[in-house]
>>> print(open('target12.txt').read())   # compact mmCIF, C-alpha atoms
# COMPACT_ATOMS: atom_id res chain seq x y z
CA MET X 1 9.25 21.65 -76.47
CA THR X 2 6.31 24.05 -76.52
CA ASP X 3 6.31 27.29 -74.57
CA ARG X 4 3.81 25.74 -72.18
CA GLU X 5 6.12 22.81 -71.49
CA LEU X 6 9.08 25.15 -71.02
CA PHE X 7 6.99 27.29 -68.67
CA PHE X 8 6.26 24.39 -66.36
CA ARG X 9 9.77 22.94 -66.59
CA HIS X 10 11.95 26.03 -66.23
CA MET X 11 9.92 28.96 -64.90
CA ALA X 12 9.77 29.33 -61.13
CA GLN X 13 6.19 28.87 -59.92
CA THR X 14 4.70 30.84 -57.05
CA SER X 15 1.67 28.61 -56.61
CA SER X 16 0.71 25.03 -57.28
CA PHE X 17 -2.16 26.12 -59.52
CA PRO X 18 -0.89 28.75 -62.00
CA LEU X 19 -3.48 30.09 -64.40
CA ALA X 20 -1.08 29.31 -67.29
CA LEU X 21 -3.05 31.43 -69.73
CA GLU X 22 -0.98 31.58 -72.90
CA VAL X 23 -0.78 35.07 -74.39
CA GLU X 24 0.67 35.80 -77.79
CA LYS X 25 -0.33 39.44 -78.17
CA ALA X 26 -1.92 42.25 -76.16
CA GLU X 27 -3.43 45.48 -77.40
CA GLY X 28 -5.75 48.03 -75.81
CA ILE X 29 -7.79 46.25 -73.15
CA TYR X 30 -7.44 42.82 -74.78
CA LEU X 31 -5.12 39.81 -74.56
CA TYR X 32 -4.94 37.29 -77.41
CA GLY X 33 -4.07 33.61 -77.15
CA PRO X 34 -2.14 31.68 -79.82
CA ASP X 35 -5.45 30.23 -80.98
CA GLY X 36 -6.78 33.75 -81.58
CA LYS X 37 -9.10 33.74 -78.57
CA LYS X 38 -9.64 37.24 -77.19
CA TYR X 39 -9.72 38.04 -73.46
CA MET X 40 -10.76 41.34 -71.92
CA ASP X 41 -8.15 42.33 -69.30
CA LEU X 42 -10.08 43.52 -66.26
CA ILE X 43 -7.01 43.75 -64.00
CA SER X 44 -4.44 45.58 -66.18
CA GLY X 45 -1.61 43.30 -65.11
CA ILE X 46 -2.50 44.30 -61.52
CA ALA X 47 -3.13 48.02 -62.12
CA VAL X 48 -0.15 48.41 -64.48
CA SER X 49 -1.42 48.85 -68.05
CA CYS X 50 -3.50 51.86 -67.08
CA ILE X 51 -3.77 53.25 -70.62
CA GLY X 52 -4.03 49.83 -72.19
CA HIS X 53 -1.52 47.41 -73.66
CA ARG X 54 0.93 48.74 -76.23
CA HIS X 55 -0.53 52.22 -76.27
CA PRO X 56 0.79 53.85 -79.48
CA GLU X 57 2.17 56.93 -77.69
CA VAL X 58 4.06 54.76 -75.21
CA VAL X 59 5.39 52.47 -77.95
CA LYS X 60 6.58 55.52 -79.91
CA ALA X 61 8.34 56.95 -76.85
CA ILE X 62 10.08 53.61 -76.27
CA LYS X 63 11.23 53.31 -79.88
CA ASP X 64 12.39 56.93 -80.07
CA GLN X 65 14.42 56.61 -76.89
CA ALA X 66 15.89 53.24 -77.91
CA ASP X 67 17.18 54.96 -81.06
CA ARG X 68 19.10 57.42 -78.87
CA PHE X 69 20.38 55.37 -75.93
CA MET X 70 19.07 52.79 -73.47
CA HIS X 71 21.19 52.21 -70.37
CA LEU X 72 23.86 54.59 -69.13
CA MET X 73 25.22 54.95 -65.62
CA VAL X 74 21.92 55.82 -63.98
CA TYR X 75 22.92 57.51 -60.73
CA GLY X 76 26.13 59.47 -60.64
CA GLU X 77 27.45 61.83 -63.24
CA PHE X 78 25.19 61.78 -66.31
CA VAL X 79 22.36 64.21 -67.03
CA GLN X 80 19.69 62.26 -68.92
CA SER X 81 16.75 64.02 -70.52
CA PRO X 82 14.18 61.20 -70.00
CA GLN X 83 14.80 61.23 -66.24
CA ALA X 84 14.84 65.01 -65.93
CA GLN X 85 11.71 65.50 -68.04
CA LEU X 86 9.81 62.80 -66.14
CA ALA X 87 10.77 64.35 -62.79
CA LYS X 88 9.61 67.74 -64.06
CA LEU X 89 6.25 66.33 -65.17
CA LEU X 90 5.70 64.57 -61.85
CA THR X 91 6.59 67.53 -59.65
CA GLU X 92 4.51 69.95 -61.76
CA ASN X 93 1.48 67.83 -60.96
CA LEU X 94 2.15 67.33 -57.25
CA PRO X 95 1.99 69.67 -54.23
CA GLY X 96 4.96 72.02 -53.97
CA SER X 97 6.53 70.13 -51.06
CA LEU X 98 6.95 67.03 -53.24
CA ASP X 99 9.59 68.48 -55.54
CA ASN X 100 12.32 65.82 -55.63
CA VAL X 101 12.07 62.44 -57.36
CA TYR X 102 14.13 59.28 -56.92
CA LEU X 103 13.43 56.79 -59.74
CA VAL X 104 13.61 53.05 -59.10
CA ASN X 105 12.45 49.85 -60.84
CA SER X 106 9.37 48.77 -58.89
CA GLY X 107 6.97 49.43 -56.07
CA SER X 108 8.92 47.31 -53.62
CA GLU X 109 12.05 49.32 -54.36
CA ALA X 110 10.14 52.57 -53.93
CA VAL X 111 9.02 51.43 -50.48
CA GLU X 112 12.55 50.31 -49.55
CA GLY X 113 13.94 53.71 -50.56
CA ALA X 114 11.19 55.63 -48.78
CA ILE X 115 11.76 53.82 -45.48
CA LYS X 116 15.53 54.29 -45.70
CA LEU X 117 15.01 57.98 -46.42
CA ALA X 118 12.67 58.41 -43.45
CA LYS X 119 15.07 56.69 -41.07
CA ARG X 120 18.03 58.66 -42.36
CA HIS X 121 16.27 62.02 -42.20
CA SER X 122 14.63 61.52 -38.81
CA GLY X 123 17.49 59.74 -37.08
CA ARG X 124 14.89 57.35 -35.66
CA THR X 125 14.35 53.64 -36.22
CA GLU X 126 10.73 52.74 -35.47
CA VAL X 127 8.36 52.24 -38.42
CA VAL X 128 4.59 52.08 -38.03
CA SER X 129 2.43 50.34 -40.62
CA PHE X 130 -1.11 48.90 -40.77
CA ARG X 131 -2.59 45.43 -40.67
CA ASN X 132 -3.56 44.00 -44.05
CA ALA X 133 -1.34 46.53 -45.83
CA TYR X 134 0.62 45.31 -48.83
CA HIS X 135 3.83 47.17 -49.66
CA GLY X 136 5.86 44.59 -51.59
CA SER X 137 7.70 41.32 -51.36
CA SER X 138 11.36 42.25 -50.81
CA HIS X 139 12.73 41.87 -47.29
CA GLY X 140 12.16 45.45 -46.14
CA SER X 141 8.82 45.98 -47.88
CA LEU X 142 7.61 42.60 -46.60
CA SER X 143 8.54 43.74 -43.09
CA VAL X 144 5.98 46.58 -43.30
CA THR X 145 3.37 44.41 -45.02
CA GLY X 146 0.60 43.71 -42.53
CA ASN X 147 -0.30 40.08 -43.11
CA GLU X 148 1.37 37.44 -40.98
CA LYS X 149 0.46 34.51 -43.23
CA LEU X 150 2.50 36.03 -46.06
CA LYS X 151 5.45 36.81 -43.79
CA GLN X 152 5.82 34.01 -41.26
CA ALA X 153 8.04 31.77 -43.41
CA TYR X 154 10.64 34.54 -43.87
CA ARG X 155 11.32 35.71 -40.35
CA PRO X 156 13.36 37.27 -38.89
CA LEU X 157 12.46 40.38 -40.86
CA VAL X 158 13.55 43.99 -40.35
CA PRO X 159 13.12 44.86 -36.64
CA GLY X 160 11.39 47.90 -35.19
CA VAL X 161 8.10 47.66 -37.11
CA ARG X 162 4.74 48.03 -35.33
CA PHE X 163 1.25 47.56 -36.77
CA LEU X 164 -1.96 49.44 -36.12
CA ASP X 165 -5.48 48.78 -37.37
CA TYR X 166 -6.39 50.80 -40.45
CA ASN X 167 -9.26 53.26 -39.87
CA HIS X 168 -8.90 53.11 -36.06
CA LYS X 169 -8.19 56.73 -35.12
CA GLU X 170 -7.75 56.02 -31.42
CA GLN X 171 -4.67 53.87 -32.12
CA LEU X 172 -2.84 56.77 -33.75
CA GLU X 173 -1.89 58.02 -30.27
CA THR X 174 0.67 55.20 -30.11
CA ILE X 175 2.75 57.03 -32.74
CA THR X 176 5.45 58.75 -30.69
CA GLY X 177 8.66 60.72 -30.84
CA LYS X 178 10.47 57.44 -31.43
CA THR X 179 8.65 56.85 -34.72
CA ALA X 180 10.69 57.54 -37.85
CA CYS X 181 7.74 57.18 -40.20
CA VAL X 182 4.26 55.85 -40.68
CA ILE X 183 3.62 54.09 -43.97
CA ALA X 184 0.07 53.64 -45.24
CA GLU X 185 -1.65 52.86 -48.50
CA THR X 186 -3.91 55.78 -49.27
CA ILE X 187 -6.42 53.09 -50.28
CA GLN X 188 -5.59 49.59 -49.08
CA GLY X 189 -5.37 47.42 -52.18
CA GLU X 190 -4.74 43.78 -51.35
CA ALA X 191 -7.03 44.00 -48.32
CA GLY X 192 -9.87 44.17 -50.85
CA VAL X 193 -9.87 47.92 -51.64
CA ILE X 194 -10.43 49.44 -48.21
CA THR X 195 -10.90 53.21 -48.32
CA PRO X 196 -10.06 55.46 -45.36
CA CYS X 197 -13.01 56.41 -43.19
CA HIS X 198 -13.94 60.05 -42.74
CA GLY X 199 -11.10 62.00 -41.15
CA PHE X 200 -8.74 59.05 -40.69
CA LEU X 201 -5.94 60.25 -42.96
CA LYS X 202 -6.26 63.81 -41.64
CA ALA X 203 -5.92 62.48 -38.09
CA LEU X 204 -2.89 60.45 -39.18
CA ARG X 205 -1.33 63.53 -40.80
CA LYS X 206 -1.96 65.55 -37.62
CA ARG X 207 -0.39 62.90 -35.38
CA CYS X 208 2.69 62.67 -37.62
CA ASP X 209 3.04 66.46 -37.44
CA GLU X 210 2.77 66.36 -33.64
CA THR X 211 5.50 63.71 -33.30
CA ARG X 212 7.59 64.84 -36.31
CA ALA X 213 7.29 61.39 -37.82
CA LEU X 214 7.33 61.35 -41.60
CA LEU X 215 4.16 60.23 -43.36
CA ILE X 216 4.71 57.89 -46.32
CA LEU X 217 1.69 57.32 -48.55
CA ASP X 218 1.86 54.33 -50.85
CA GLU X 219 -0.02 54.99 -54.09
CA ILE X 220 1.58 52.18 -56.06
CA GLN X 221 -1.89 50.82 -56.89
CA ALA X 222 -4.15 53.80 -56.22
CA GLY X 223 -2.16 56.51 -58.00
CA CYS X 224 -1.96 57.72 -61.61
CA GLY X 225 -5.68 58.41 -61.96
CA ARG X 226 -7.06 55.02 -61.00
CA SER X 227 -8.98 56.06 -57.90
CA GLY X 228 -10.80 59.06 -59.36
CA THR X 229 -8.19 61.79 -58.88
CA LEU X 230 -4.68 61.93 -60.31
CA TRP X 231 -3.33 61.11 -56.84
CA ALA X 232 -5.63 59.39 -54.36
CA PHE X 233 -4.49 61.57 -51.42
CA GLU X 234 -6.12 64.58 -53.13
CA GLN X 235 -9.51 63.15 -52.12
CA PHE X 236 -8.66 63.22 -48.41
CA ASP X 237 -7.11 66.68 -47.97
CA VAL X 238 -3.67 65.46 -46.90
CA VAL X 239 -0.17 65.70 -48.37
CA PRO X 240 2.45 63.05 -47.50
CA ASP X 241 6.08 63.74 -46.66
CA ILE X 242 7.06 60.91 -49.00
CA LEU X 243 4.99 59.46 -51.83
CA THR X 244 5.65 56.07 -53.46
CA LEU X 245 4.56 55.27 -57.01
CA ALA X 246 5.01 52.43 -59.50
CA LYS X 247 2.69 50.09 -61.45
CA GLY X 248 0.55 52.37 -63.64
CA MET X 249 3.18 55.09 -64.02
CA GLY X 250 5.17 53.03 -66.53
CA GLY X 251 2.51 52.15 -69.08
CA GLY X 252 3.76 48.57 -69.02
CA MET X 253 7.46 49.25 -68.42
CA PRO X 254 9.14 48.59 -65.05
CA ILE X 255 9.55 51.82 -63.11
CA GLY X 256 8.78 53.24 -59.68
CA ALA X 257 9.58 56.34 -57.65
CA PHE X 258 9.71 57.74 -54.17
CA ILE X 259 9.12 61.48 -54.04
CA SER X 260 9.76 63.97 -51.24
CA SER X 261 11.05 67.48 -50.64
CA SER X 262 14.55 68.53 -51.69
CA GLU X 263 15.40 69.08 -48.03
CA VAL X 264 14.44 65.56 -46.99
CA MET X 265 15.96 63.90 -50.07
CA LYS X 266 19.33 65.56 -49.43
CA SER X 267 19.67 63.21 -46.46
CA LEU X 268 20.80 60.51 -48.92
CA THR X 269 23.75 62.57 -50.19
CA HIS X 270 26.00 62.40 -47.13
CA ASP X 271 27.04 60.25 -44.17
CA PRO X 272 27.22 58.03 -46.17
CA VAL X 273 27.51 59.44 -49.65
CA LEU X 274 25.41 57.42 -52.14
CA GLY X 275 22.88 56.74 -49.37
CA HIS X 276 20.64 54.96 -51.87
CA ILE X 277 21.71 53.63 -55.26
CA SER X 278 20.15 51.60 -58.05
CA THR X 279 21.81 50.23 -61.19
CA PHE X 280 18.72 50.38 -63.38
CA GLY X 281 16.43 52.81 -61.54
CA GLY X 282 15.45 55.56 -63.96
CA ASN X 283 16.42 53.59 -67.03
CA ALA X 284 16.06 55.95 -69.99
CA VAL X 285 13.61 53.80 -71.97
CA CYS X 286 11.41 53.20 -68.93
CA ALA X 287 11.49 56.90 -68.05
CA ALA X 288 10.45 57.85 -71.58
CA ALA X 289 7.57 55.36 -71.44
CA SER X 290 6.49 56.73 -68.07
CA LYS X 291 6.50 60.32 -69.29
CA ALA X 292 4.34 59.37 -72.30
CA THR X 293 1.95 57.47 -70.04
CA LEU X 294 1.52 60.27 -67.52
CA GLU X 295 1.18 62.88 -70.24
CA PHE X 296 -1.69 60.91 -71.78
CA ILE X 297 -3.42 60.48 -68.39
CA ILE X 298 -3.06 64.17 -67.56
CA LYS X 299 -3.99 65.49 -71.02
CA ASN X 300 -7.17 63.40 -71.10
CA LYS X 301 -7.98 63.71 -67.38
CA LEU X 302 -8.56 59.97 -67.21
CA TRP X 303 -9.30 60.19 -63.48
CA GLU X 304 -12.52 62.03 -64.29
CA GLN X 305 -13.53 59.21 -66.63
CA ALA X 306 -12.70 56.71 -63.87
CA VAL X 307 -15.39 58.25 -61.66
CA ARG X 308 -18.02 57.98 -64.39
CA LYS X 309 -16.98 54.43 -65.28
CA GLU X 310 -17.12 53.36 -61.63
CA LYS X 311 -20.81 54.31 -61.61
CA ARG X 312 -21.37 52.21 -64.73
CA PHE X 313 -19.84 49.14 -63.07
CA ARG X 314 -21.92 49.67 -59.92
CA GLN X 315 -25.14 50.09 -61.88
CA ASN X 316 -24.57 46.99 -64.00
CA LEU X 317 -23.37 44.63 -61.27
CA ASN X 318 -26.58 44.05 -59.41
CA HIS X 319 -26.82 40.45 -58.21
CA PRO X 320 -27.78 38.88 -54.87
CA ALA X 321 -24.52 36.91 -54.78
CA ILE X 322 -22.54 40.17 -54.63
CA LYS X 323 -22.49 41.12 -50.96
CA LYS X 324 -20.81 44.49 -51.47
CA ILE X 325 -18.89 46.57 -54.02
CA ARG X 326 -16.01 48.49 -52.46
CA GLY X 327 -13.55 51.00 -53.83
CA LYS X 328 -13.12 54.22 -55.76
CA GLY X 329 -12.82 54.92 -59.47
CA LEU X 330 -11.52 51.91 -61.38
CA MET X 331 -10.12 50.26 -58.27
CA LEU X 332 -13.01 48.06 -57.14
CA ALA X 333 -13.66 44.84 -55.26
CA LEU X 334 -16.73 42.60 -55.55
CA GLU X 335 -17.26 40.78 -52.26
CA PHE X 336 -18.63 37.22 -52.30
CA GLU X 337 -19.39 34.65 -49.63
CA ASP X 338 -16.01 32.88 -49.70
CA PHE X 339 -13.00 32.03 -51.85
CA LYS X 340 -14.62 28.93 -53.31
CA GLN X 341 -17.50 30.92 -54.73
CA ASN X 342 -15.20 33.70 -55.93
CA LYS X 343 -12.79 31.29 -57.64
CA THR X 344 -15.65 29.49 -59.40
CA ILE X 345 -16.93 32.80 -60.78
CA ILE X 346 -13.42 33.92 -61.82
CA ASP X 347 -12.83 30.64 -63.67
CA ARG X 348 -16.15 30.99 -65.49
CA CYS X 349 -15.27 34.56 -66.48
CA ILE X 350 -11.95 33.45 -67.94
CA GLU X 351 -13.69 30.71 -69.90
CA GLN X 352 -15.96 33.40 -71.35
CA GLY X 353 -13.04 35.69 -72.26
CA LEU X 354 -12.73 37.97 -69.22
CA VAL X 355 -9.56 37.98 -67.09
CA THR X 356 -9.90 38.88 -63.43
CA ASP X 357 -8.57 37.54 -60.11
CA TRP X 358 -8.77 37.90 -56.31
CA PHE X 359 -6.85 39.88 -53.69
CA LEU X 360 -3.93 38.64 -51.60
CA PHE X 361 -5.60 39.33 -48.25
CA ALA X 362 -9.23 39.13 -49.40
CA ASP X 363 -9.54 36.02 -51.52
CA HIS X 364 -13.34 36.18 -51.30
CA CYS X 365 -13.26 39.41 -53.36
CA MET X 366 -12.96 39.79 -57.14
CA ARG X 367 -10.63 42.47 -58.47
CA ILE X 368 -11.86 45.02 -60.99
CA ALA X 369 -9.03 47.29 -62.17
CA PRO X 370 -9.27 47.59 -65.95
CA PRO X 371 -7.25 49.98 -68.12
CA LEU X 372 -8.57 53.50 -67.60
CA ILE X 373 -9.32 53.70 -71.33
CA ILE X 374 -12.04 51.03 -71.13
CA THR X 375 -15.19 52.28 -72.85
CA GLU X 376 -18.69 52.24 -71.40
CA GLU X 377 -19.69 49.66 -74.01
CA GLN X 378 -16.81 47.44 -72.92
CA ILE X 379 -17.85 47.89 -69.30
CA ASP X 380 -21.33 46.71 -70.22
CA GLU X 381 -19.84 43.66 -71.94
CA ALA X 382 -17.59 42.87 -68.97
CA CYS X 383 -20.48 43.18 -66.52
CA GLN X 384 -22.65 40.92 -68.65
CA ILE X 385 -19.96 38.23 -68.57
CA ILE X 386 -19.72 38.53 -64.76
CA MET X 387 -23.50 38.36 -64.41
CA ASN X 388 -23.62 35.31 -66.69
CA ALA X 389 -20.92 33.65 -64.58
CA LEU X 390 -22.93 34.41 -61.43
CA ASP X 391 -26.05 32.87 -62.95
>>> encode(input="target12.txt", output="structure tokens")
Amino acid sequence: MTDRELFFRHMAQTSSFPLALEVEKAEGIYLYGPDGKKYMDLISGIAVSCIGHRHPEVVKAIKDQADRFMHLMVYGEFVQSPQAQLAKLLTENLPGSLDNVYLVNSGSEAVEGAIKLAKRHSGRTEVVSFRNAYHGSSHGSLSVTGNEKLKQAYRPLVPGVRFLDYNHKEQLETITGKTACVIAETIQGEAGVITPCHGFLKALRKRCDETRALLILDEIQAGCGRSGTLWAFEQFDVVPDILTLAKGMGGGMPIGAFISSSEVMKSLTHDPVLGHISTFGGNAVCAAASKATLEFIIKNKLWEQAVRKEKRFRQNLNHPAIKKIRGKGLMLALEFEDFKQNKTIIDRCIEQGLVTDWFLFADHCMRIAPPLIITEEQIDEACQIIMNALD
């Protein structure tokens, strides 16, 4: 049987219309089919391959670490250099209050750990989130995801979660002394790249301070340079109590983190001991890949390039069918009339060698989230394909 036949027979499908694009190799910003056809990856595996596929520095870090050791007992008794060095790199490039790192395997796990930490530290149970937020697909992270269509088949979910409207400052008054934490994407991703309006995140930070609720900012998509600063919250003059990361921090390897202060994180060490554990979180090979990825982003200040490249996309994508371009840096959404139009354009782009897709809660919008290393010439090429598809 061919791989395609095996895919449809034995791989669990999450939709009735999988793209089923067969990929034999990936390098830089390109995917290659078994027939040699080349596709430009304009979504980076959903904001994951932020410095491109198989970046040589990441591949070297993986091979070097695999030559030493791969999996040990992750949490417990062993001091492992890849974990320690990655935590050092992260905390050196974050505000001083975010000095303690818990490594996990994914964004969903980072959210799960962050919510547990907030409940444990605060002694409270209520969690406040926002409509059209996406925080993951596991039971707890789905509970704080703000789209009922995605959730309704899996109820009952975790109790004690309330939802507010993003960018509605007046609703922040409903955060009270009963609230353990408020979780928000710094920039809402699956809603179609919704940025916070002026003063919204500062007002949210102020209300959390007033009620002593912890503020969790989810930068699983927006972090690691994608939005135009190393961390998206830097653009809005706020610092979270807990930060969640994943996706782009691994350079293609599965890793995530929730980061807080030493004082808050100590809540997981007692009553009960081992308050949060993970068999594979902080795997040595993944940690080594993450360190190499972040070092490359920081050394080359790729967030500054993201700002310049955003302008190039906006200048080139000038068509009456595009109702609006939303977003920051290389985290953009092209808004069309409806899903039917968007899907037609996406299919045409793929036929012409450009891979893109839509958003979970905004299926009328096309996602643009290429590797941060994309060149201006490649941006021009990508935009020309999109414009051809529109015509």
>>> residues_around(input="target12.txt", residues="Phe336 of chain X", least_positions_apart="3", cutoff="7 Å", atoms="all atoms listed in the file", output="PyMOL selection string")
chain X and resi 321-323+341-342+364-365
>>> write_last_selection(input="target12.txt", atoms="C-alpha atoms", output="CSV table (one decimal), in the coordinates of the input")
chain,number,residue,atom,x,y,z
X,321,ALA,CA,-24.5,36.9,-54.8
X,322,ILE,CA,-22.5,40.2,-54.6
X,323,LYS,CA,-22.5,41.1,-51.0
X,341,GLN,CA,-17.5,30.9,-54.7
X,342,ASN,CA,-15.2,33.7,-55.9
X,364,HIS,CA,-13.3,36.2,-51.3
X,365,CYS,CA,-13.3,39.4,-53.4
>>> closest_residue(input="target12.txt", among="X:Leu86, X:Ala362, X:Ala118, X:Leu230", to="Lys301 of chain X", atoms="all atoms listed in the file")
X:Leu230
>>> closest_residue(input="target12.txt", among="X:Asn167, X:Asn105, X:Ser97, X:Ser122", to="Pro240 of chain X", atoms="all atoms listed in the file")
X:Ser97
>>> closest_residue(input="target12.txt", among="X:Ala287, X:Leu215, X:Ile368, X:Ala26", to="Ser260 of chain X", atoms="all atoms listed in the file")
X:Leu215
>>> atom_distance(input="target12.txt", atom1="atom CA of Pro34 of chain X", atom2="atom CA of Ile51 of chain X")
23.5 Å
>>> closest_residue(input="target12.txt", among="X:Glu92, X:Asp363, X:Asp218, X:Glu377", to="Ala257 of chain X", atoms="all atoms listed in the file")
X:Asp218
>>> residues_around(input="target12.txt", residues="Thr174 of chain X", least_positions_apart="4", cutoff="12 Å", atoms="only C-alpha atoms", output="PyMOL selection string")
chain X and resi 126-129+162-165+168-170+178-179+182+204+207-208+210-211+213
>>> atom_distance(input="target12.txt", atom1="atom CA of Ile350 of chain X", atom2="atom CA of Asp391 of chain X")
15.0 Å
>>> residues_around(input="target12.txt", residues="Glu310 of chain X", least_positions_apart="4", cutoff="9 Å", atoms="all atoms listed in the file", output="number ranges by chain")
X: 228, 305-306, 314-315, 327-332
>>> residues_around(input="target12.txt", residues="Ile115 of chain X", least_positions_apart="4", cutoff="9 Å", atoms="only C-alpha atoms", output="ChimeraX atom specification")
/X:110-111,119-120,127,140-141,180-181,183,216
>>> atom_distance(input="target12.txt", atom1="atom CA of Ala389 of chain X", atom2="atom CA of Gln13 of chain X")
27.9 Å
>>> closest_residue(input="target12.txt", among="X:Ile379, X:Ala222, X:Leu243, X:Leu317", to="Met265 of chain X", atoms="only C-alpha atoms")
X:Leu243
>>> residues_around(input="target12.txt", residues="Lys299 of chain X", least_positions_apart="5", cutoff="12 Å", atoms="all atoms listed in the file", output="number ranges by chain")
X: 89, 93, 225, 230, 291-294, 304
>>> closest_residue(input="target12.txt", among="X:Gln171, X:Gln188, X:Ser267, X:Ser261", to="Gly96 of chain X", atoms="only C-alpha atoms")
X:Ser261
>>> residues_near_point(input="target12.txt", point="(-1.0, 31.8, -76.5)", cutoff="9 Å", atoms="only C-alpha atoms", output="PyMOL selection string")
chain X and resi 3-4+21-25+32-37
>>> axis_aligned_box(input="target12.txt", around="segment 219-223 of chain X", padding_each_side="6 Å", output="JSON")
{"center_x": -1.3, "center_y": 53.7, "center_z": -56.0, "size_x": 17.7, "size_y": 17.7, "size_z": 15.9}
>>> residues_near_point(input="target12.txt", point="(11.3, 60.3, -61.4)", cutoff="8 Å", atoms="all atoms listed in the file", output="ChimeraX atom specification")
/X:83-84,86-87,90,101-104,256-259,282,287
